[in-house]
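The next block is structure.pdb, given as PDB, C-alpha atoms.
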ATOM      1  CA  MET O   1       0.000   0.000   0.000
ATOM      2  CA  SER O   2       1.531   3.286  -1.090
ATOM      3  CA  LEU O   3       1.831   6.257   1.249
ATOM      4  CA  PRO O   4       0.105   9.487   0.319
ATOM      5  CA  PRO O   5       2.410  12.172  -1.109
ATOM      6  CA  PRO O   6       3.465  14.900   1.337
ATOM      7  CA  GLN O   7       1.384  17.990   1.292
ATOM      8  CA  MET O   8       2.763  21.340   0.130
ATOM      9  CA  GLY O   9       2.578  22.811   3.644
ATOM     10  CA  GLU O  10       4.642  19.994   5.100
ATOM     11  CA  LEU O  11       7.363  20.525   2.468
ATOM     12  CA  GLN O  12       7.497  24.216   3.248
ATOM     13  CA  ASP O  13       7.750  23.511   6.981
ATOM     14  CA  GLU O  14      10.635  21.100   6.409
ATOM     15  CA  LYS O  15      12.452  23.637   4.221
ATOM     16  CA  GLY O  16      11.894  26.330   6.821
ATOM     17  CA  ASP O  17      13.284  24.122   9.590
ATOM     18  CA  LYS O  18      16.371  23.312   7.536
ATOM     19  CA  ALA O  19      16.915  26.979   6.707
ATOM     20  CA  GLU O  20      16.652  27.950  10.370
ATOM     21  CA  GLU O  21      19.053  25.169  11.331
ATOM     22  CA  GLU O  22      21.585  26.268   8.701
ATOM     23  CA  LEU O  23      21.218  29.893   9.782
ATOM     24  CA  GLY O  24      21.843  28.927  13.397
ATOM     25  CA  GLN O  25      24.954  26.966  12.451
ATOM     26  CA  GLN O  26      26.242  29.889  10.421
ATOM     27  CA  SER O  27      25.614  32.266  13.320
ATOM     28  CA  GLN O  28      27.501  30.020  15.742
ATOM     29  CA  ALA O  29      30.350  29.673  13.264
ATOM     30  CA  GLY O  30      30.416  33.444  12.824
ATOM     31  CA  LEU O  31      30.586  34.037  16.565
ATOM     32  CA  SER O  32      33.343  31.445  16.841
ATOM     33  CA  ASP O  33      35.290  33.147  14.043
ATOM     34  CA  ILE O  34      34.901  36.523  15.744
ATOM     35  CA  SER O  35      36.180  35.189  19.065
ATOM     36  CA  HIS O  36      39.133  33.523  17.332
ATOM     37  CA  ALA O  37      39.858  36.729  15.416
ATOM     38  CA  GLU O  38      39.825  38.772  18.613
ATOM     39  CA  ALA O  39      42.142  36.309  20.369
ATOM     40  CA  PHE O  40      44.509  36.238  17.383
ATOM     41  CA  THR O  41      44.559  40.017  17.127
ATOM     42  CA  PHE O  42      45.604  40.482  20.746
ATOM     43  CA  HIS O  43      48.149  37.670  20.553
ATOM     44  CA  ASP O  44      49.550  39.187  17.388
ATOM     45  CA  ALA O  45      49.719  42.593  19.077
ATOM     46  CA  VAL O  46      51.706  41.108  21.961
ATOM     47  CA  GLN O  47      54.149  39.512  19.533
ATOM     48  CA  ILE O  48      54.584  42.816  17.719
ATOM     49  CA  TYR O  49      55.202  44.511  21.081
ATOM     50  CA  GLN O  50      57.933  41.994  21.879
ATOM     51  CA  CYS O  51      59.554  42.467  18.467
ATOM     52  CA  VAL O  52      59.573  46.246  18.823
ATOM     53  CA  ALA O  53      60.960  45.978  22.370
ATOM     54  CA  GLU O  54      63.797  43.761  21.139
ATOM     55  CA  ARG O  55      64.484  46.137  18.270
ATOM     56  CA  ARG O  56      64.620  49.052  20.692
ATOM     57  CA  ASN O  57      67.197  47.208  22.804
ATOM     58  CA  THR O  58      69.272  46.633  19.674
ATOM     59  CA  PHE O  59      69.130  50.318  18.775
ATOM     60  CA  ASP O  60      70.125  51.199  22.339
ATOM     61  CA  VAL O  61      73.225  48.985  22.127
ATOM     62  CA  LEU O  62      74.190  50.381  18.723
ATOM     63  CA  LEU O  63      73.536  53.902  19.972
ATOM     64  CA  TRP O  64      76.314  53.772  22.561
ATOM     65  CA  MET O  65      78.683  51.760  20.402
ATOM     66  CA  THR O  66      78.815  54.672  17.951
ATOM     67  CA  PRO O  67      80.619  57.258  20.124
ATOM     68  CA  ALA O  68      82.913  54.582  21.579
ATOM     69  CA  THR O  69      84.048  53.593  18.095
ATOM     70  CA  GLY O  70      84.383  57.253  17.161
ATOM     71  CA  LEU O  71      86.619  57.949  20.166
ATOM     72  CA  THR O  72      88.911  55.080  19.187
ATOM     73  CA  SER O  73      89.267  56.508  15.695
ATOM     74  CA  GLN O  74      89.876  60.013  17.015
ATOM     75  CA  ALA O  75      92.617  58.791  19.356
ATOM     76  CA  PHE O  76      94.484  57.178  16.464
ATOM     77  CA  LEU O  77      94.139  60.226  14.204
ATOM     78  CA  PHE O  78      95.248  62.711  16.873
ATOM     79  CA  THR O  79      98.223  60.519  17.747
ATOM     80  CA  THR O  80      99.260  60.691  14.113
ATOM     81  CA  ALA O  81      98.680  64.441  13.791
ATOM     82  CA  LEU O  82     100.420  65.507  17.008
ATOM     83  CA  ALA O  83     103.458  63.267  16.705
ATOM     84  CA  GLY O  84     106.630  65.326  16.328
ATOM     85  CA  ASP O  85     107.921  63.320  13.383
ATOM     86  CA  SER O  86     104.662  63.415  11.398
ATOM     87  CA  SER O  87     104.805  65.089   8.026
ATOM     88  CA  ARG O  88     102.623  67.999   7.054
ATOM     89  CA  ALA O  89     100.642  65.802   4.698
ATOM     90  CA  ALA O  90     100.010  63.283   7.486
ATOM     91  CA  ARG O  91      98.673  66.042   9.755
ATOM     92  CA  LEU O  92      96.416  67.476   7.078
ATOM     93  CA  ILE O  93      95.011  64.113   6.076
ATOM     94  CA  SER O  94      94.513  62.841   9.634
ATOM     95  CA  MET O  95      92.772  66.018  10.810
ATOM     96  CA  ALA O  96      90.585  66.143   7.715
ATOM     97  CA  LEU O  97      89.572  62.555   8.441
ATOM     98  CA  SER O  98      88.960  63.497  12.081
ATOM     99  CA  ILE O  99      86.533  66.231  11.048
ATOM    100  CA  LEU O 100      84.788  63.830   8.678
ATOM    101  CA  ILE O 101      84.517  61.136  11.360
ATOM    102  CA  THR O 102      83.112  63.712  13.780
ATOM    103  CA  LEU O 103      80.319  64.625  11.378
ATOM    104  CA  LEU O 104      79.565  61.010  10.470
ATOM    105  CA  THR O 105      79.551  59.922  14.112
ATOM    106  CA  ILE O 106      77.173  62.680  15.200
ATOM    107  CA  GLN O 107      74.880  61.985  12.236
ATOM    108  CA  LEU O 108      74.755  58.247  12.974
ATOM    109  CA  PHE O 109      74.431  58.924  16.704
ATOM    110  CA  THR O 110      71.441  61.175  16.037
ATOM    111  CA  ARG O 111      69.741  58.756  13.658
ATOM    112  CA  GLN O 112      70.076  55.843  16.062
ATOM    113  CA  LEU O 113      68.687  57.941  18.896
ATOM    114  CA  GLN O 114      65.777  58.887  16.646
ATOM    115  CA  ALA O 115      65.066  55.224  15.871
ATOM    116  CA  GLU O 116      65.342  54.206  19.530
ATOM    117  CA  ASP O 117      63.057  57.051  20.593
ATOM    118  CA  ALA O 118      60.479  56.115  17.942
ATOM    119  CA  ASP O 119      60.285  52.567  19.303
ATOM    120  CA  ARG O 120      60.098  53.865  22.870
ATOM    121  CA  ARG O 121      57.167  56.138  22.032
ATOM    122  CA  TRP O 122      55.421  53.314  20.120
ATOM    123  CA  LEU O 123      55.767  50.963  23.094
ATOM    124  CA  GLU O 124      54.456  53.618  25.452
ATOM    125  CA  ASP O 125      51.484  54.224  23.150
ATOM    126  CA  TRP O 126      50.817  50.461  22.938
ATOM    127  CA  GLU O 127      50.640  50.221  26.713
ATOM    128  CA  GLU O 128      48.287  53.197  26.786
ATOM    129  CA  ARG O 129      45.988  51.823  24.067
ATOM    130  CA  HIS O 130      45.699  48.451  25.789
ATOM    131  CA  LYS O 131      44.915  50.059  29.151
ATOM    132  CA  LEU O 132      47.717  48.475  31.145
ATOM    133  CA  ASP O 133      47.816  49.335  34.822
ATOM    134  CA  GLU O 134      50.185  52.172  35.619
ATOM    135  CA  ASP O 135      52.318  49.972  37.865
ATOM    136  CA  ASN O 136      52.698  47.316  35.157
ATOM    137  CA  ARG O 137      53.970  49.649  32.446
ATOM    138  CA  SER O 138      57.624  49.716  31.466
ATOM    139  CA  HIS O 139      57.409  53.099  29.749
ATOM    140  CA  GLY O 140      56.011  56.492  30.587
ATOM    141  CA  ALA O 141      55.580  58.194  33.941
ATOM    142  CA  SER O 142      55.776  55.046  36.074
ATOM    143  CA  TRP O 143      59.149  54.068  34.603
ATOM    144  CA  ALA O 144      60.392  57.663  34.830
ATOM    145  CA  ARG O 145      59.958  57.541  38.601
ATOM    146  CA  TYR O 146      62.307  54.571  38.799
ATOM    147  CA  GLN O 147      64.785  56.243  36.470
ATOM    148  CA  ALA O 148      64.840  59.428  38.537
ATOM    149  CA  HIS O 149      66.179  57.531  41.550
ATOM    150  CA  LEU O 150      69.966  57.723  41.931
ATOM    151  CA  PRO O 151      71.919  55.021  43.794
ATOM    152  CA  ASP O 152      73.875  56.311  46.774
ATOM    153  CA  PRO O 153      77.336  56.035  45.122
ATOM    154  CA  ALA O 154      76.136  58.234  42.238
ATOM    155  CA  ARG O 155      74.497  61.002  44.243
ATOM    156  CA  HIS O 156      77.610  63.207  44.070
ATOM    157  CA  PHE O 157      77.284  63.232  40.282
ATOM    158  CA  GLY O 158      73.584  63.958  40.203
ATOM    159  CA  PHE O 159      74.189  67.323  38.539
ATOM    160  CA  LEU O 160      75.392  65.454  35.445
ATOM    161  CA  THR O 161      71.944  63.928  34.998
ATOM    162  CA  LYS O 162      70.328  67.313  34.413
ATOM    163  CA  ALA O 163      71.048  66.953  30.699
ATOM    164  CA  SER O 164      70.725  63.825  28.587
ATOM    165  CA  ALA O 165      73.720  61.592  27.956
ATOM    166  CA  PHE O 166      73.231  62.174  24.249
ATOM    167  CA  THR O 167      73.828  65.908  24.754
ATOM    168  CA  TYR O 168      77.115  65.340  26.584
ATOM    169  CA  TRP O 169      78.440  62.787  24.127
ATOM    170  CA  ALA O 170      77.363  64.665  21.009
ATOM    171  CA  ASN O 171      78.981  67.879  22.267
ATOM    172  CA  GLY O 172      82.096  65.923  23.220
ATOM    173  CA  MET O 173      82.377  64.519  19.710
ATOM    174  CA  LEU O 174      81.823  68.007  18.330
ATOM    175  CA  GLY O 175      84.706  69.196  20.516
ATOM    176  CA  PHE O 176      86.997  66.698  18.809
ATOM    177  CA  GLY O 177      85.964  68.146  15.477
ATOM    178  CA  VAL O 178      86.707  71.706  16.617
ATOM    179  CA  VAL O 179      90.159  70.742  17.904
ATOM    180  CA  ALA O 180      90.851  68.863  14.676
ATOM    181  CA  LEU O 181      89.942  71.987  12.721
ATOM    182  CA  LEU O 182      92.344  74.086  14.824
ATOM    183  CA  VAL O 183      95.164  71.601  14.317
ATOM    184  CA  LEU O 184      94.396  71.583  10.611
ATOM    185  CA  ILE O 185      94.653  75.381  10.489
ATOM    186  CA  PHE O 186      97.912  75.361  12.465
ATOM    187  CA  SER O 187      99.297  72.732  10.103
ATOM    188  CA  ILE O 188      98.612  75.049   7.179
ATOM    189  CA  VAL O 189      99.594  78.387   8.733
ATOM    190  CA  ARG O 190     102.307  77.507  11.270
ATOM    191  CA  GLU O 191     103.472  73.981  10.779
ATOM    192  CA  ASP O 192     106.686  74.605  12.720
ATOM    193  CA  SER O 193     104.766  75.175  15.978
ATOM    194  CA  LEU O 194     103.477  71.607  15.978
ATOM    195  CA  VAL O 195     106.907  70.257  15.080
ATOM    196  CA  VAL O 196     108.537  72.180  17.953
ATOM    197  CA  CYS O 197     105.906  70.966  20.420
ATOM    198  CA  GLY O 198     106.444  67.409  19.286
ATOM    199  CA  ASN O 199     110.225  67.666  19.593
ATOM    200  CA  LYS O 200     110.015  69.160  23.107
ATOM    201  CA  LYS O 201     107.724  66.351  24.137
ATOM    202  CA  ASN O 202     110.195  63.777  22.846
ATOM    203  CA  ILE O 203     113.027  65.460  24.767
TER
END
Encoding of this model in structure tokens:
Amino acid sequence: MSLPPPQMGELQDEKGDKAEEELGQQSQAGLSDISHAEAFTFHDAVQIYQCVAERRNTFDVLLWMTPATGLTSQAFLFTTALAGDSSRAARLISMALSILITLLTIQLFTRQLQAEDADRRWLEDWEERHKLDEDNRSHGASWARYQAHLPDPARHFGFLTKASAFTYWANGMLGFGVVALLVLIFSIVREDSLVVCGNKKNI
């Protein structure tokens, strides 16, 4: 005995139930995707923060290697220029190189400070945007309070902290350039004065 064919209303009800079921599954999948996207976004932001923090540390190391390398070069060039037995050409060339190294060192010193400061400000902004507690931040006002504290052995030199270390070192490198320029001028105008000074020193 054959069953009667389904009525049109029953078919529509079945289609409606299937559509609602599919819509519910899609909604759940969408919510799941949103939660995964939010978790991935924050995790990705943390990884970017770590990368920028590591890059800032690298810039900080390179920043202070620059003047140290420059001082080594300046010591060699001034030793050559101020030696009593150095020729006029040696003095001119060494002091010209000293002036060039001064300019290159200050330029590189400034650029590395700029890069380090950019990362520092980005990290501080990241902590602000993600609403970290003030005590848990490693940049900004909370960190500045720790930095302002001087250990007891360094309190006698507290006046040196009034200006930034970059200012002292950049001006010191500029001083080498000024002295190199003076020696260069003396080598051109009164070469004998440097020769006499060198001979007296040897005696």
Using all atoms listed in the file: which of O:Leu62, O:Ala115, O:Leu150, O:Val183 has the shortest distance to O:Ile93: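 Looking only at the distances to O:Ile93, the closest residue turns out to be O:Val183.
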- request: Tell me, in Å to one decimal, how far atom CA of O:Gln74 is from atom CA of O:Thr110.
  value: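 About the pair atom CA of O:Gln74 and atom CA of O:Thr110: they are 18.5 Å apart.
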- prompt: When distances are computed from only C-alpha atoms, which of O:Val61, O:Leu123, O:Val46, O:Leu71 shows the smallest separation from O:Trp169?
  reply: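 Result for the nearest residue to O:Trp169: O:Leu71.
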- request: Tell me which of O:Arg120, O:Arg91, O:His43, O:Arg55 sits closest to O:Gly140, counting all atoms listed in the file.
  value: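 For O:Gly140, the nearest of the candidates is O:Arg120.
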- prompt: O:Phe59, O:Phe109, O:Phe42, O:Phe78: which is nearest O:Ala165, counting all atoms listed in the file?
  reply: O:Phe109
message: For a test of reading the model, state the distance in Å between atom CA of O:Glu134 and atom CA of O:Asp119, rounded to one decimal.
response: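 Between atom CA of O:Glu134 and atom CA of O:Asp119 the gap works out to 19.2 Å.
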- prompt: So what do you get for atom CA of O:Ser164 versus atom CA of O:Gln112, distance-wise?
  reply: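 Spanning atom CA of O:Ser164 to atom CA of O:Gln112 is a straight-line distance of 14.9 Å.
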- prompt: From the list O:Leu182, O:Leu108, O:Ala68, O:Ala118, which residue is nearest O:Val52 when using only C-alpha atoms?
  reply: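 Nearest candidate to O:Val52 out of O:Leu182, O:Leu108, O:Ala68, O:Ala118: O:Ala118.
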field: Nearest candidate to O:Ser86 (options O:Pro153, O:Asp135, O:Ser187, O:Trp122; using all atoms listed in the file)
entry: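 The shortest atom-to-atom distance to O:Ser86 comes from O:Ser187.
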message: So that I can see what lies close to O:Val178, please list as an MDAnalysis selection string the residues with an atom at most 10 Å from it, counting all atoms listed in the file and leaving out residues fewer than 4 positions away in the same chain.
response: chainID O and resid 98:99 102 172:174 182:184
- prompt: Written as a list in words, which residues does the PyMOL selection byres ((chain O and resi 80) around 12) give for the file shown?
  reply: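 Output of the PyMOL selection byres ((chain O and resi 80) around 12): Ser73, Gln74, Ala75, Phe76, Leu77, Phe78, Thr79, Ala81, Leu82, Ala83, Gly84, Asp85, Ser86, Ser87, Arg88, Ala89, Ala90, Arg91, Leu92, Ile93, Ser94, Met95, Leu97, Ser98, Ala180, Val183, Leu194 and Gly198 of chain O.
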query: Which residues come within 8 Å of O:Glu124, counting all atoms listed in the file, excluding same-chain residues fewer than 3 positions away, as a VMD selection string?
result: chain O and resid 120 to 121 127 to 128 138 to 140
